[in-house]
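With compact mmCIF, C-alpha atoms inside, this is input_31.txt:
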# COMPACT_ATOMS: atom_id res chain seq x y z
CA MET A 118 13.76 -5.23 41.95
CA CYS A 119 12.56 -8.73 42.75
CA ASN A 120 10.14 -9.59 45.48
CA MET A 121 11.29 -12.97 46.67
CA THR A 122 9.41 -15.31 48.97
CA PHE A 123 10.42 -18.61 50.45
CA GLU A 124 7.70 -20.40 48.53
CA GLU A 125 8.88 -22.05 45.35
CA PRO A 126 6.36 -22.12 42.55
CA SER A 127 5.75 -25.81 42.07
CA GLY A 128 3.10 -28.42 41.53
CA GLU A 129 -0.45 -27.42 40.80
CA ASN A 130 0.01 -23.69 41.47
CA SER A 131 2.87 -23.55 39.00
CA SER A 132 0.93 -25.32 36.25
CA GLU A 133 -2.13 -23.15 36.93
CA ARG A 134 0.05 -20.04 36.69
CA MET A 135 1.66 -21.24 33.45
CA GLU A 136 -1.79 -21.86 31.99
CA SER A 137 -3.05 -18.43 33.05
CA VAL A 138 0.05 -16.78 31.52
CA ALA A 139 -0.47 -18.75 28.29
CA ILE A 140 -4.08 -17.53 28.16
CA ALA A 141 -2.90 -13.96 28.84
CA LEU A 142 -0.34 -14.31 26.03
CA GLU A 143 -3.07 -15.44 23.65
CA LYS A 144 -5.14 -12.37 24.62
CA VAL A 145 -2.15 -10.07 24.05
CA LEU A 146 -1.52 -11.54 20.60
CA SER A 147 -5.19 -11.49 19.66
CA SER A 148 -5.57 -7.84 20.63
CA ALA A 149 -2.22 -6.74 19.13
CA LEU A 150 -2.84 -8.33 15.73
CA PRO A 151 -5.74 -6.13 14.54
CA GLN A 152 -3.89 -3.03 15.79
CA GLY A 153 -0.89 -3.83 13.58
CA CYS A 154 1.35 -4.29 16.63
CA ILE A 155 2.83 -7.64 15.60
CA THR A 156 6.10 -8.13 13.72
CA VAL A 157 6.61 -11.66 12.44
CA GLY A 158 9.85 -13.27 11.25
CA VAL A 159 13.45 -13.39 12.42
CA TYR A 160 14.74 -10.86 9.87
CA GLU A 161 11.75 -8.52 10.19
CA ALA A 162 12.09 -8.63 13.98
CA ALA A 163 15.81 -7.86 13.80
CA LYS A 164 15.09 -4.85 11.57
CA SER A 165 12.36 -3.63 13.92
CA LEU A 166 14.55 -4.11 17.00
CA ASN A 167 17.36 -2.17 15.34
CA ALA A 168 15.09 0.67 14.18
CA ASP A 169 13.04 1.23 17.35
CA PRO A 170 13.79 -1.04 20.33
CA ASP A 171 11.92 1.26 22.74
CA ASN A 172 8.66 0.49 20.94
CA VAL A 173 8.92 -3.30 21.50
CA VAL A 174 7.05 -4.58 24.56
CA LEU A 175 7.52 -8.35 24.15
CA CYS A 176 9.62 -10.77 22.10
CA LEU A 177 8.52 -14.36 21.44
CA LEU A 178 10.93 -17.00 20.19
CA ALA A 179 9.27 -20.18 18.94
CA THR A 180 10.56 -23.49 17.66
CA ASP A 181 9.07 -26.80 16.73
CA GLU A 182 10.67 -30.23 16.65
CA GLU A 183 11.59 -29.80 12.99
CA HIS A 184 13.76 -26.72 13.65
CA LYS A 185 15.03 -27.48 17.17
CA GLU A 186 18.48 -28.48 15.87
CA ASP A 187 18.75 -25.65 13.31
CA VAL A 188 22.09 -24.06 14.26
CA ALA A 189 21.52 -20.88 12.23
CA LEU A 190 18.14 -20.34 13.93
CA GLN A 191 19.69 -20.89 17.37
CA ILE A 192 22.38 -18.30 16.57
CA HIS A 193 19.67 -15.82 15.56
CA PHE A 194 17.83 -16.57 18.80
CA THR A 195 20.99 -15.99 20.85
CA LEU A 196 21.61 -12.63 19.20
CA ILE A 197 17.97 -11.53 19.56
CA GLN A 198 17.94 -12.61 23.22
CA ALA A 199 21.13 -10.64 23.92
CA PHE A 200 19.72 -7.55 22.23
CA CYS A 201 16.44 -7.85 24.15
CA CYS A 202 18.26 -8.27 27.47
CA GLU A 203 20.38 -5.18 26.76
CA ASN A 204 17.26 -3.17 25.95
CA ASP A 205 15.04 -4.48 28.80
CA ILE A 206 12.61 -6.21 26.45
CA ASN A 207 10.79 -9.20 27.94
CA ILE A 208 11.38 -12.48 26.11
CA LEU A 209 9.42 -15.73 26.11
CA ARG A 210 10.16 -19.02 24.41
CA VAL A 211 6.96 -20.44 23.02
CA SER A 212 6.28 -24.07 22.30
CA ASN A 213 3.41 -25.22 20.09
CA MET A 214 4.01 -23.27 16.89
CA ARG A 215 0.83 -24.74 15.42
CA ARG A 216 -1.24 -22.92 18.06
CA LEU A 217 0.80 -19.73 17.55
CA ALA A 218 0.01 -19.96 13.82
CA GLU A 219 -3.70 -20.33 14.62
CA ILE A 220 -3.67 -17.20 16.78
CA LEU A 221 -1.71 -15.09 14.28
CA GLY A 222 -3.36 -16.37 11.12
CA GLY A 223 -0.28 -18.32 10.04
CA VAL A 224 -0.29 -17.14 6.41
CA LYS A 225 0.98 -13.94 4.77
CA THR A 226 -1.06 -12.25 2.09
CA GLY A 227 -0.32 -14.29 -0.99
CA GLY A 228 -0.65 -17.64 0.78
CA GLU A 229 2.97 -17.98 1.91
CA PRO A 230 3.39 -19.36 5.48
CA MET A 231 4.69 -16.92 8.10
CA ASP A 232 8.07 -17.32 9.77
CA LEU A 233 6.78 -17.58 13.33
CA HIS A 234 10.18 -18.28 14.89
CA CYS A 235 10.34 -14.70 16.16
CA VAL A 236 7.33 -12.52 16.95
CA LEU A 237 7.52 -9.01 18.39
CA VAL A 238 4.68 -7.18 20.07
CA THR A 239 5.04 -3.41 19.76
CA ASN A 240 3.23 -0.43 21.21
CA PRO A 241 0.25 0.86 19.23
CA GLN A 242 0.85 4.12 17.34
CA SER A 243 -1.63 6.06 19.49
CA SER A 244 -0.51 5.21 23.03
CA PRO A 245 1.45 2.61 25.04
CA TRP A 246 -0.23 -0.67 26.01
CA LYS A 247 -2.36 -0.59 29.14
CA ASP A 248 -3.51 -4.19 28.89
CA PRO A 249 -3.91 -6.36 32.02
CA ALA A 250 -3.01 -9.44 29.96
CA LEU A 251 0.30 -7.84 28.91
CA SER A 252 0.93 -6.85 32.53
CA LYS A 253 0.43 -10.48 33.55
CA VAL A 254 2.87 -11.75 30.88
CA ASN A 255 5.44 -9.09 31.75
CA GLY A 256 5.07 -9.90 35.46
CA PHE A 257 5.72 -13.56 34.69
CA CYS A 258 8.86 -12.62 32.75
CA ARG A 259 10.06 -10.40 35.60
CA ASP A 260 9.40 -13.12 38.21
CA SER A 261 11.22 -15.67 36.04
CA ARG A 262 14.29 -13.43 35.86
CA CYS A 263 14.28 -13.24 39.66
CA LEU A 264 14.54 -17.04 39.63
CA ASP A 265 17.44 -16.86 37.13
CA GLN A 266 15.27 -18.09 34.28
CA TRP A 267 15.99 -15.33 31.78
CA VAL A 268 13.99 -16.78 28.91
CA PRO A 269 11.02 -18.67 30.34
CA VAL A 270 9.13 -21.19 28.22
CA ILE A 271 5.37 -21.06 27.74
CA ASN A 272 3.37 -23.81 26.11
CA LEU A 273 0.34 -22.50 24.26
CA PRO A 274 -2.36 -25.10 24.94
CA ASP A 275 -4.33 -26.54 22.04
CA ARG A 276 -7.89 -25.32 21.71
Give the structure from the file, written as C-alpha cells.
Amino acid sequence: MCNMTFEEPSGENSSERMESVAIALEKVLSSALPQGCITVGVYEAAKSLNADPDNVVLCLLATDEEHKEDVALQIHFTLIQAFCCENDINILRVSNMRRLAEILGGVKTGGEPMDLHCVLVTNPQSSPWKDPALSKVNGFCRDSRCLDQWVPVINLPDR
C-alpha cells in the first residue's frame, strides 16, 4: 500500500534524497560483499533468480554509455525486470558503472573483469537482512512504484 501525499518530491529535497539512497546502496553493497550475498553477472543472476527468487532482496541493473544501445542486454534487462516484478523483488537501475566496480572490486579471481550489468543482493545464509540501509533503499523503491516509476534510477556519486 502506498502512502501518498500532495507534495511532489522535487528540487533540493529530491536530490538530497537521491544522494542519501545512493549512499545507503553503497552501504548495502559494501556489507553484502564480505558476507557472500552478491551475485554478479546477467547469466549468474538469471540462474540465481530461477533457483531461489525468495532469497533475493534487491536487483541492480547497470549500464554505461558503451552498452546503452546493446539490444541483447536490453532484452535481458526486460526479462529480469519482469521476473523481479512478478516475484516482488525491488529493482534499481544504476548509473556510474565505474563506481559500482570500485565498490564491488570489479575483478574476478583470475583478473577477468566482472559483468556488472546485473547485480543481485541476497539474504545471508544465517538470517534475513535487518539493515537500515537496505530498508532505506527498499523504501525508495516502494515509493517510486507508488509514483509509477517501477525501475528507478540511482546515480552512484564518484568518491
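Take the candidates A:Asp232, A:Asp248, A:Glu143, A:Asp181 and check each one against Arg215 of chain A using all atoms listed in the file; the shortest distance goes to A:Asp181.
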Quiz item: Can you tell me how far atom CA of Arg262 of chain A sits from atom CA of Asn207 of chain A, in Å to one decimal?
Solution: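 These two atoms are separated by 9.6 Å.
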Quiz item: Between atom CA of Ile192 of chain A and atom CA of Glu219 of chain A, what is the distance, to one decimal in Å?
Solution: 26.2 Å
Self-check item: Atomic separation - atom CA of Phe200 of chain A relative to atom CA of Ser131 of chain A, Å
Solution: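 Separating atom CA of Ser131 of chain A from atom CA of Phe200 of chain A is a distance of 28.7 Å.
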Self-check item: Which residue of A:Ala139, A:Leu190, A:Val270, A:Ala149 approaches Leu221 of chain A most closely, using all atoms listed in the file
Solution: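 That would be A:Ala149, the residue with the smallest distance to Leu221 of chain A.
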Exercise. Could you give me, as a list in words, the residues within 12 Å of Lys247 of chain A, counting all atoms listed in the file and dropping anything in the same chain fewer than 6 positions from it?
Key: Val145, Ser148, Ala149, Val174, Asn240, Pro241, Lys253 and Asn255 of chain A
Need the axis-aligned box for segment 262-274 of chain A with 8 Å each side, so what are the centre and edges in Å to one decimal, as AutoDock Vina command-line options?
--center_x 7.5 --center_y -19.2 --center_z 32.0 --size_x 35.8 --size_y 27.9 --size_z 31.4
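Nearest residue to Gln198 of chain A among A:Pro245, A:Pro269, A:Gly256, A:Gly223 is A:Pro269, counting all atoms listed in the file.
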Quiz item: Nearest to Glu203 of chain A among A:Gly153, A:Asn272, A:Leu166, A:Leu251, with distances taken over all atoms listed in the file: which residue is it?
Solution: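 Among the listed residues, A:Leu166 lies closest to Glu203 of chain A.
Of the listed residues (A:Gly158, A:Lys164, A:Val254, A:Cys176), A:Gly158 comes nearest to Pro230 of chain A; the distances count only C-alpha atoms.
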Quiz item: Near Phe257 of chain A, counting all atoms listed in the file, which residues have an atom at most 12 Å away, once you skip same-chain residues fewer than 5 positions from it, shown as a PyMOL selection string?
Solution: chain A and resi 119+126+131+134-139+141-142+175+207-209+250-252+262-264+266-271
Exercise. Find the spatial neighbours of Gln152 of chain A, counting only C-alpha atoms, within a cut-off of 12 Å - ignore same-chain residues fewer than 2 positions away - and output them as a count of residues only.
Key: 17
Radius query 9 Å about (3.1, -22.2, 18.9), atoms used: all atoms listed in the file, as a PDB file with C-alpha atoms, in the frame of the given file:
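File written: point33.pdb
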ATOM      1  CA  ALA A 179       9.270 -20.180  18.940  1.00  0.00           C
ATOM      2  CA  THR A 180      10.560 -23.490  17.660  1.00  0.00           C
ATOM      3  CA  ASP A 181       9.070 -26.800  16.730  1.00  0.00           C
ATOM      4  CA  VAL A 211       6.960 -20.440  23.020  1.00  0.00           C
ATOM      5  CA  SER A 212       6.280 -24.070  22.300  1.00  0.00           C
ATOM      6  CA  ASN A 213       3.410 -25.220  20.090  1.00  0.00           C
ATOM      7  CA  MET A 214       4.010 -23.270  16.890  1.00  0.00           C
ATOM      8  CA  ARG A 215       0.830 -24.740  15.420  1.00  0.00           C
ATOM      9  CA  ARG A 216      -1.240 -22.920  18.060  1.00  0.00           C
ATOM     10  CA  LEU A 217       0.800 -19.730  17.550  1.00  0.00           C
ATOM     11  CA  ALA A 218       0.010 -19.960  13.820  1.00  0.00           C
ATOM     12  CA  GLU A 219      -3.700 -20.330  14.620  1.00  0.00           C
ATOM     13  CA  ILE A 220      -3.670 -17.200  16.780  1.00  0.00           C
ATOM     14  CA  LEU A 233       6.780 -17.580  13.330  1.00  0.00           C
ATOM     15  CA  ASN A 272       3.370 -23.810  26.110  1.00  0.00           C
ATOM     16  CA  LEU A 273       0.340 -22.500  24.260  1.00  0.00           C
ATOM     17  CA  PRO A 274      -2.360 -25.100  24.940  1.00  0.00           C
TER      18      PRO A 274
END
Quiz item: Which of these, A:Arg276, A:Phe194, A:Ile140, A:Asn204, has the shortest distance to Leu177 of chain A once you count only C-alpha atoms?
Solution: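 Using only C-alpha atoms, Leu177 of chain A sits closest to A:Phe194.
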